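Student: I am sharing target_27.txt, which consists of compact mmCIF, C-alpha atoms:
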# COMPACT_ATOMS: atom_id res chain seq x y z
CA GLY A 1 -19.14 5.45 4.61
CA TYR A 2 -19.57 9.19 4.94
CA ALA A 3 -17.91 12.12 3.18
CA ARG A 4 -17.71 15.76 4.17
CA TYR A 5 -16.24 18.34 1.80
CA GLY A 6 -14.76 21.59 3.03
CA GLU A 7 -12.97 24.47 1.39
CA LYS A 8 -9.56 22.94 2.09
CA THR A 9 -10.32 19.62 3.76
CA THR A 10 -12.23 16.49 2.77
CA ILE A 11 -12.96 13.84 5.42
CA ASN A 12 -14.17 10.36 4.56
CA PRO A 13 -14.68 7.92 7.49
CA SER A 14 -15.99 4.42 6.80
CA ILE A 15 -16.52 1.06 8.51
CA TYR A 16 -16.55 -2.40 6.99
CA TYR A 17 -17.08 -6.11 7.63
CA ARG A 18 -15.61 -8.84 5.44
CA TYR A 19 -15.88 -12.63 5.49
CA THR A 20 -13.82 -14.81 3.13
CA ASP A 21 -14.35 -18.54 2.73
CA GLY A 22 -11.89 -20.93 1.10
CA MET A 23 -8.97 -18.54 1.40
CA ILE A 24 -5.67 -19.79 -0.06
CA THR A 25 -2.81 -19.53 2.42
CA ARG A 26 0.84 -20.49 2.79
CA PHE A 27 1.26 -23.65 4.90
CA ARG A 28 4.52 -25.01 6.37
CA THR A 29 5.43 -28.40 7.76
CA MET A 30 8.70 -29.96 8.95
CA ASP A 31 9.70 -33.61 8.75
CA ASP A 32 11.74 -35.68 11.24
CA GLN A 33 15.01 -34.75 9.49
CA GLY A 34 14.39 -31.04 10.07
CA ILE A 35 13.52 -30.26 6.44
CA ALA A 36 10.82 -27.61 6.10
CA TYR A 37 8.26 -27.75 3.31
CA THR A 38 6.12 -24.83 2.19
CA THR A 39 3.02 -25.16 0.05
CA TYR A 40 -0.33 -23.45 -0.42
CA GLU A 41 -3.55 -24.84 1.01
CA ASN A 42 -7.13 -23.85 0.33
CA LEU A 43 -8.24 -24.51 3.87
CA ASN A 44 -8.94 -21.15 5.51
CA ASN A 45 -11.68 -18.72 6.20
CA SER A 46 -11.14 -15.26 7.58
CA THR A 47 -13.25 -12.60 9.24
CA SER A 48 -12.24 -8.97 9.48
CA TYR A 49 -13.92 -5.73 10.43
CA GLY A 50 -12.64 -2.28 11.13
CA ALA A 51 -12.73 1.44 10.45
CA GLU A 52 -10.87 3.65 8.03
CA LEU A 53 -10.39 7.39 7.89
CA ALA A 54 -9.34 9.14 4.68
CA LEU A 55 -8.34 12.79 4.83
CA THR A 56 -7.39 15.22 2.08
CA HIS A 57 -6.12 18.65 3.07
CA ARG A 58 -4.64 21.50 1.08
CA MET A 59 -1.89 22.95 3.25
CA PHE A 60 -0.98 25.61 0.68
CA ASP A 61 -1.76 26.20 -2.97
CA PHE A 62 1.29 24.13 -3.92
CA TRP A 63 1.00 21.41 -1.24
CA ARG A 64 -1.79 18.88 -0.82
CA ILE A 65 -1.81 15.98 1.67
CA ASN A 66 -3.80 12.79 1.26
CA GLY A 67 -3.73 10.38 4.19
CA THR A 68 -5.50 7.19 5.24
CA LEU A 69 -5.60 5.43 8.60
CA SER A 70 -7.12 1.98 9.05
CA TYR A 71 -7.67 0.00 12.27
CA PHE A 72 -9.11 -3.50 12.03
CA TYR A 73 -9.61 -6.89 13.67
CA ARG A 74 -8.71 -10.05 11.77
CA ARG A 75 -9.36 -13.71 12.60
CA VAL A 76 -8.22 -16.62 10.43
CA GLU A 77 -9.23 -20.25 10.87
CA GLY A 78 -7.88 -23.36 9.18
CA GLY A 79 -8.96 -26.94 9.06
CA ALA A 80 -7.15 -29.83 7.39
CA THR A 81 -5.93 -33.35 8.10
CA GLN A 82 -2.67 -31.86 9.43
CA MET A 83 -4.14 -29.64 12.16
CA GLU A 84 -6.90 -27.34 13.28
CA MET A 85 -5.71 -23.77 13.85
CA GLN A 86 -7.04 -20.34 14.66
CA ASN A 87 -5.31 -16.99 15.02
CA GLU A 88 -6.52 -13.45 15.60
CA SER A 89 -5.24 -9.94 16.29
CA TYR A 90 -5.87 -6.23 15.91
CA SER A 91 -3.80 -4.40 13.31
CA TRP A 92 -3.52 -0.99 11.74
CA SER A 93 -2.02 0.66 8.70
CA THR A 94 -1.49 4.17 7.43
CA ARG A 95 -0.45 5.89 4.22
CA MET A 96 0.40 9.52 3.55
CA VAL A 97 0.88 11.09 0.13
CA ASN A 98 2.29 14.60 -0.22
CA ASN A 99 1.75 16.21 -3.63
CA PHE A 100 3.67 19.36 -4.51
CA THR A 101 3.03 21.53 -7.56
CA PHE A 102 5.59 24.15 -8.54
CA PRO A 103 5.85 26.74 -11.32
CA ARG A 104 7.35 26.05 -14.74
CA GLY A 105 5.82 22.57 -15.00
CA TRP A 106 7.54 21.02 -11.96
CA SER A 107 5.79 18.65 -9.55
CA ALA A 108 6.88 16.22 -6.83
CA GLN A 109 5.45 13.52 -4.62
CA LEU A 110 6.55 12.03 -1.29
CA THR A 111 4.79 8.90 -0.05
CA GLY A 112 5.08 7.00 3.24
CA ASN A 113 3.48 3.66 4.19
CA TYR A 114 3.28 1.67 7.42
CA ARG A 115 1.53 -1.59 8.24
CA SER A 116 1.61 -3.13 11.72
CA PRO A 117 2.10 -6.89 12.28
CA LEU A 118 -0.57 -8.94 10.51
CA VAL A 119 -1.81 -12.30 11.77
CA MET A 120 -1.53 -15.46 9.64
CA ILE A 121 -2.78 -18.98 10.25
CA GLN A 122 0.66 -20.14 11.48
CA GLY A 123 2.06 -16.94 12.98
CA GLU A 124 2.30 -13.38 11.83
CA MET A 125 3.80 -11.10 9.22
CA LYS A 126 5.97 -8.49 10.93
CA GLU A 127 5.45 -4.78 10.45
CA MET A 128 6.40 -3.21 7.12
CA TYR A 129 7.19 0.42 6.29
CA SER A 130 8.71 2.34 3.41
CA ALA A 131 8.92 5.72 1.69
CA ASP A 132 9.05 6.72 -1.98
CA MET A 133 9.65 9.99 -3.77
CA ALA A 134 9.40 11.30 -7.32
CA VAL A 135 9.96 14.47 -9.31
CA ARG A 136 8.33 15.30 -12.63
CA LYS A 137 8.93 18.05 -15.19
CA ASN A 138 6.68 18.88 -18.13
CA VAL A 139 8.59 19.84 -21.26
CA LEU A 140 7.94 20.52 -24.96
CA ASN A 141 4.92 22.75 -24.33
CA ASN A 142 3.52 20.20 -21.83
CA SER A 143 3.48 17.43 -24.45
CA GLY A 144 6.46 15.66 -22.88
CA THR A 145 7.21 14.59 -19.31
CA ILE A 146 10.53 13.70 -17.69
CA THR A 147 10.23 11.62 -14.51
CA LEU A 148 12.77 10.81 -11.82
CA ARG A 149 11.55 8.35 -9.18
CA LEU A 150 13.28 6.73 -6.20
CA SER A 151 11.49 3.80 -4.59
CA ASP A 152 12.06 2.63 -1.00
CA ILE A 153 14.27 5.60 -0.05
CA PHE A 154 15.59 4.11 3.19
CA ASN A 155 15.78 0.49 1.98
CA THR A 156 13.34 -0.75 4.63
CA ARG A 157 10.86 -2.73 2.51
CA ASN A 158 11.26 -6.36 3.50
CA PHE A 159 9.13 -9.34 4.46
CA ARG A 160 9.69 -10.70 7.97
CA MET A 161 7.60 -13.57 9.30
CA TYR A 162 7.26 -15.67 12.42
CA ASN A 163 5.77 -19.13 11.83
CA TYR A 164 5.12 -22.14 14.02
CA GLY A 165 3.75 -25.66 13.77
CA ASP A 166 3.50 -28.85 15.82
CA ASN A 167 7.28 -29.39 15.87
CA PHE A 168 8.95 -26.12 14.81
CA THR A 169 9.20 -22.37 15.11
CA LEU A 170 10.66 -20.29 12.30
CA ASP A 171 11.81 -16.69 11.96
CA SER A 172 12.45 -15.67 8.38
CA GLU A 173 13.23 -12.53 6.41
CA ARG A 174 13.05 -12.03 2.66
CA ARG A 175 14.37 -8.97 0.95
CA ARG A 176 14.36 -8.06 -2.71
CA THR A 177 15.91 -5.11 -4.46
CA SER A 178 13.35 -2.38 -3.86
CA ARG A 179 15.46 0.77 -3.58
CA MET A 180 15.73 1.65 -7.25
CA LEU A 181 16.07 4.84 -9.26
CA TYR A 182 13.89 5.20 -12.34
CA VAL A 183 14.29 7.76 -15.11
CA GLY A 184 11.56 8.02 -17.71
CA PHE A 185 10.36 10.13 -20.58
CA SER A 186 6.91 10.15 -22.16
CA TYR A 187 5.51 12.13 -25.06
CA ARG A 188 1.84 12.70 -25.88
CA ILE A 189 1.07 13.06 -29.57
CA ASN A 190 -2.34 14.59 -28.79
CA ASP A 191 -4.22 15.93 -25.80
CA TYR A 192 -6.55 12.92 -25.40
CA ASP A 193 -4.78 11.67 -22.27
CA ARG A 194 -4.85 15.12 -20.69
CA ARG A 195 -8.53 15.59 -21.50
CA GLU A 196 -9.36 12.23 -19.90
CA ARG A 197 -7.41 13.13 -16.74
CA ARG A 198 -9.12 16.50 -16.60
CA ARG A 199 -12.52 14.83 -16.86
CA ASP A 200 -11.67 12.43 -14.02
CA ALA A 201 -10.35 15.29 -11.89
CA ASP A 202 -13.59 17.21 -12.47
CA ILE A 203 -15.52 14.21 -11.20
CA ASP A 204 -13.64 13.68 -7.91
CA ASP A 205 -12.35 17.25 -7.49
CA SER A 206 -9.44 15.94 -5.42
CA GLY A 207 -6.57 17.44 -7.37
CA ASP A 208 -4.29 14.65 -6.14
CA MET A 209 -1.72 12.84 -8.24
CA ASP A 210 -1.46 9.15 -7.61
CA PHE A 211 2.00 7.63 -7.37
CA GLU A 212 1.21 5.57 -10.47
CA GLU A 213 1.36 8.80 -12.46
CA PHE A 214 5.08 8.79 -11.76
CA GLU A 215 5.51 5.23 -12.99
CA LEU A 216 7.39 4.56 -16.20
Please lay out the structure from this file as structure tokens.
Tutor:
Amino acid sequence: GYARYGEKTTINPSIYYRYTDGMITRFRTMDDQGIAYTTYENLNNSTSYGAELALTHRMFDFWRINGTLSYFYRRVEGGATQMEMQNESYSWSTRMVNNFTFPRGWSAQLTGNYRSPLVMIQGEMKEMYSADMAVRKNVLNNSGTITLRLSDIFNTRNFRMYNYGDNFTLDSERRRTSRMLYVGFSYRINDYDRRERRRDADIDDSGDMDFEEFEL
């Protein structure tokens, strides 16, 4: 990896290689009556390599953008008594976090995520994308915080898969309740938490708020 720090922009490109042996994976079979069975098998190994670019840029004093872009190759191989399989593809993903800081203790965050189709041993996971937003207000002389957070704004976060085997093909979609509105309140009885955050911010000098800060 490499990092370059500018007055308003930080750029961090990196490359990686990863090999995993004995990977646990979901495995499907279908009997002669057309009943599908799903289990987990420890029969895989995977190889992946790629490049990632992380960028932090201060658009204005109140607006900071943090984005990542990753492009990678992935190959998975499986061996068992049922079958010998191999699958491979190129994929990419991106994430953008917009942090806004306003006067009078107000702050906001808008996050977007996208992941292209991802290869599996028996098919692929379809693309996934979503957006989240949150607003935060410091109250009680900055000792208290009121948070309003909306996850999955456009209700697009779902799991779509295409699977195949010796005697079947299967298209499936699973969706859980992900578009939810959270309201939270926290109160700090001392400034320990704030001092710890300030120390961490001094170390990385990024000034970014992570979405977890908006969690309840």
Student: Restricting the calculation to all atoms listed in the file: of A:Arg160, A:Arg136, A:Arg18, A:Arg149, which residue gets closest to Pro117 in chain A?
Tutor: A:Arg160
Student: Leaving out Ala51 in chain A and any residue of its chain fewer than 2 positions from it, which residues lie within 6 Å of it when counting all atoms listed in the file, given as JSON, numbers by chain?
Tutor: {"A": [14, 15, 70, 71]}
Student: As a CSV table (one decimal) with C-alpha atoms, in the frame of the given file, please: the residues near range 66-68 of chain A (cut-off 12 Å, all atoms listed in the file, same-chain neighbours under 2 positions excluded).
Tutor:
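Generated output (around.csv):
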chain,number,residue,atom,x,y,z
A,8,LYS,CA,-9.6,22.9,2.1
A,9,THR,CA,-10.3,19.6,3.8
A,10,THR,CA,-12.2,16.5,2.8
A,11,ILE,CA,-13.0,13.8,5.4
A,12,ASN,CA,-14.2,10.4,4.6
A,13,PRO,CA,-14.7,7.9,7.5
A,14,SER,CA,-16.0,4.4,6.8
A,51,ALA,CA,-12.7,1.4,10.4
A,52,GLU,CA,-10.9,3.6,8.0
A,53,LEU,CA,-10.4,7.4,7.9
A,54,ALA,CA,-9.3,9.1,4.7
A,55,LEU,CA,-8.3,12.8,4.8
A,56,THR,CA,-7.4,15.2,2.1
A,57,HIS,CA,-6.1,18.6,3.1
A,58,ARG,CA,-4.6,21.5,1.1
A,59,MET,CA,-1.9,23.0,3.2
A,63,TRP,CA,1.0,21.4,-1.2
A,64,ARG,CA,-1.8,18.9,-0.8
A,70,SER,CA,-7.1,2.0,9.0
A,71,TYR,CA,-7.7,0.0,12.3
A,92,TRP,CA,-3.5,-1.0,11.7
A,93,SER,CA,-2.0,0.7,8.7
A,94,THR,CA,-1.5,4.2,7.4
A,95,ARG,CA,-0.4,5.9,4.2
A,96,MET,CA,0.4,9.5,3.6
A,97,VAL,CA,0.9,11.1,0.1
A,98,ASN,CA,2.3,14.6,-0.2
A,99,ASN,CA,1.8,16.2,-3.6
A,100,PHE,CA,3.7,19.4,-4.5
A,109,GLN,CA,5.4,13.5,-4.6
A,110,LEU,CA,6.6,12.0,-1.3
A,111,THR,CA,4.8,8.9,0.0
A,112,GLY,CA,5.1,7.0,3.2
A,113,ASN,CA,3.5,3.7,4.2
A,114,TYR,CA,3.3,1.7,7.4
A,115,ARG,CA,1.5,-1.6,8.2
A,206,SER,CA,-9.4,15.9,-5.4
A,207,GLY,CA,-6.6,17.4,-7.4
A,208,ASP,CA,-4.3,14.6,-6.1
A,209,MET,CA,-1.7,12.8,-8.2
A,210,ASP,CA,-1.5,9.2,-7.6
A,211,PHE,CA,2.0,7.6,-7.4
Student: Which one of A:Ser151, A:Thr169, A:Gln86, A:Asn142 sits closest to Trp106 in chain A if you count only C-alpha atoms?
Tutor: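 Looking only at the distances to Trp106 in chain A, the closest residue turns out to be A:Asn142.
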Student: Counting all atoms listed in the file, which residues of range 30-133 of chain A sit at most 12 Å from some atom of range 176-181 of chain A, and what is each one's closest atom pair with its distance in Å to one decimal, listed by chain and rising residue number, as JSON lines?
Tutor:
{"residue": "A:Ser130", "atom": "CA", "partner": "A:Ser178", "partner_atom": "CA", "distance": 9.8}
{"residue": "A:Ala131", "atom": "CA", "partner": "A:Arg179", "partner_atom": "CA", "distance": 9.7}
{"residue": "A:Asp132", "atom": "CA", "partner": "A:Arg179", "partner_atom": "CA", "distance": 8.9}
{"residue": "A:Met133", "atom": "CA", "partner": "A:Leu181", "partner_atom": "CA", "distance": 9.9}
Student: Near Tyr182 in chain A, within 8 Å and counting all atoms listed in the file, which residues show up once chain neighbours fewer than 4 positions away are dropped, as number ranges by chain?
Tutor: A: 147-150, 216
Student: For the residues in that selection, give me C-alpha atoms as an mmCIF file, in the frame of the given file.
Tutor:
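And here's result-v7.cif as it stands now:
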data_model
loop_
_atom_site.group_PDB
_atom_site.id
_atom_site.type_symbol
_atom_site.label_atom_id
_atom_site.label_comp_id
_atom_site.auth_asym_id
_atom_site.auth_seq_id
_atom_site.Cartn_x
_atom_site.Cartn_y
_atom_site.Cartn_z
ATOM 1 C CA THR A 147 10.230 11.620 -14.510
ATOM 2 C CA LEU A 148 12.770 10.810 -11.820
ATOM 3 C CA ARG A 149 11.550 8.350 -9.180
ATOM 4 C CA LEU A 150 13.280 6.730 -6.200
ATOM 5 C CA LEU A 216 7.390 4.560 -16.200
#
Student: What separation in Å, quoted to one decimal, exists between CA of Glu77 in chain A and CA of Ser116 in chain A?
Tutor: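 Rounded to one decimal, the two atoms are 20.3 Å apart.
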Student: To one decimal place in Å, what is the distance between CA of Ala3 in chain A and CA of Ile65 in chain A?
Tutor: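 Calculated distance between CA of Ala3 in chain A and CA of Ile65 in chain A is 16.6 Å.
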Student: Enumerate, in order of chain and increasing residue number, the residues of range 59-111 of chain A with an atom no farther than 6 Å from range 40-46 of chain A, each with its shortest atom pair and distance in Å to one decimal, counting all atoms listed in the file, as CSV.
Tutor:
residue,atom,partner,partner_atom,distance
A:Arg75,CA,A:Ser46,CA,5.5
A:Val76,CA,A:Ser46,CA,4.3
A:Glu77,CA,A:Asn44,CA,5.4
A:Gly78,CA,A:Asn44,CA,4.4
A:Gly79,CA,A:Leu43,CA,5.8
Student: By how many Å are CA of Met30 in chain A and CA of Val119 in chain A apart?
Tutor: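 Separating CA of Met30 in chain A from CA of Val119 in chain A is a distance of 20.7 Å.
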Student: Check the smallest atom-to-atom distance from each of A:Val139, A:Arg175, A:Tyr73, A:Leu170 to Thr156 in chain A using all atoms listed in the file, then report the winner.
Tutor: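 Of the candidates, the smallest distance to Thr156 in chain A is held by A:Arg175.
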Student: Name all residues at most 12 Å from Pro103 in chain A (count all atoms listed in the file; drop same-chain ones fewer than 4 positions away) and give them as an mmCIF file with C-alpha atoms, in the coordinates of the input.
Tutor:
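That gives us part.cif:
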data_model
loop_
_atom_site.group_PDB
_atom_site.id
_atom_site.type_symbol
_atom_site.label_atom_id
_atom_site.label_comp_id
_atom_site.auth_asym_id
_atom_site.auth_seq_id
_atom_site.Cartn_x
_atom_site.Cartn_y
_atom_site.Cartn_z
ATOM 1 C CA ASP A 61 -1.760 26.200 -2.970
ATOM 2 C CA PHE A 62 1.290 24.130 -3.920
ATOM 3 C CA SER A 107 5.790 18.650 -9.550
ATOM 4 C CA ALA A 108 6.880 16.220 -6.830
ATOM 5 C CA ARG A 136 8.330 15.300 -12.630
ATOM 6 C CA LYS A 137 8.930 18.050 -15.190
ATOM 7 C CA ASN A 138 6.680 18.880 -18.130
#
Student: Nearest residue to Gly34 in chain A out of A:Phe185, A:Phe154, A:Tyr19, A:Phe168, using all atoms listed in the file?
Tutor: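 Residue with the minimum atom-to-atom distance to Gly34 in chain A: A:Phe168.
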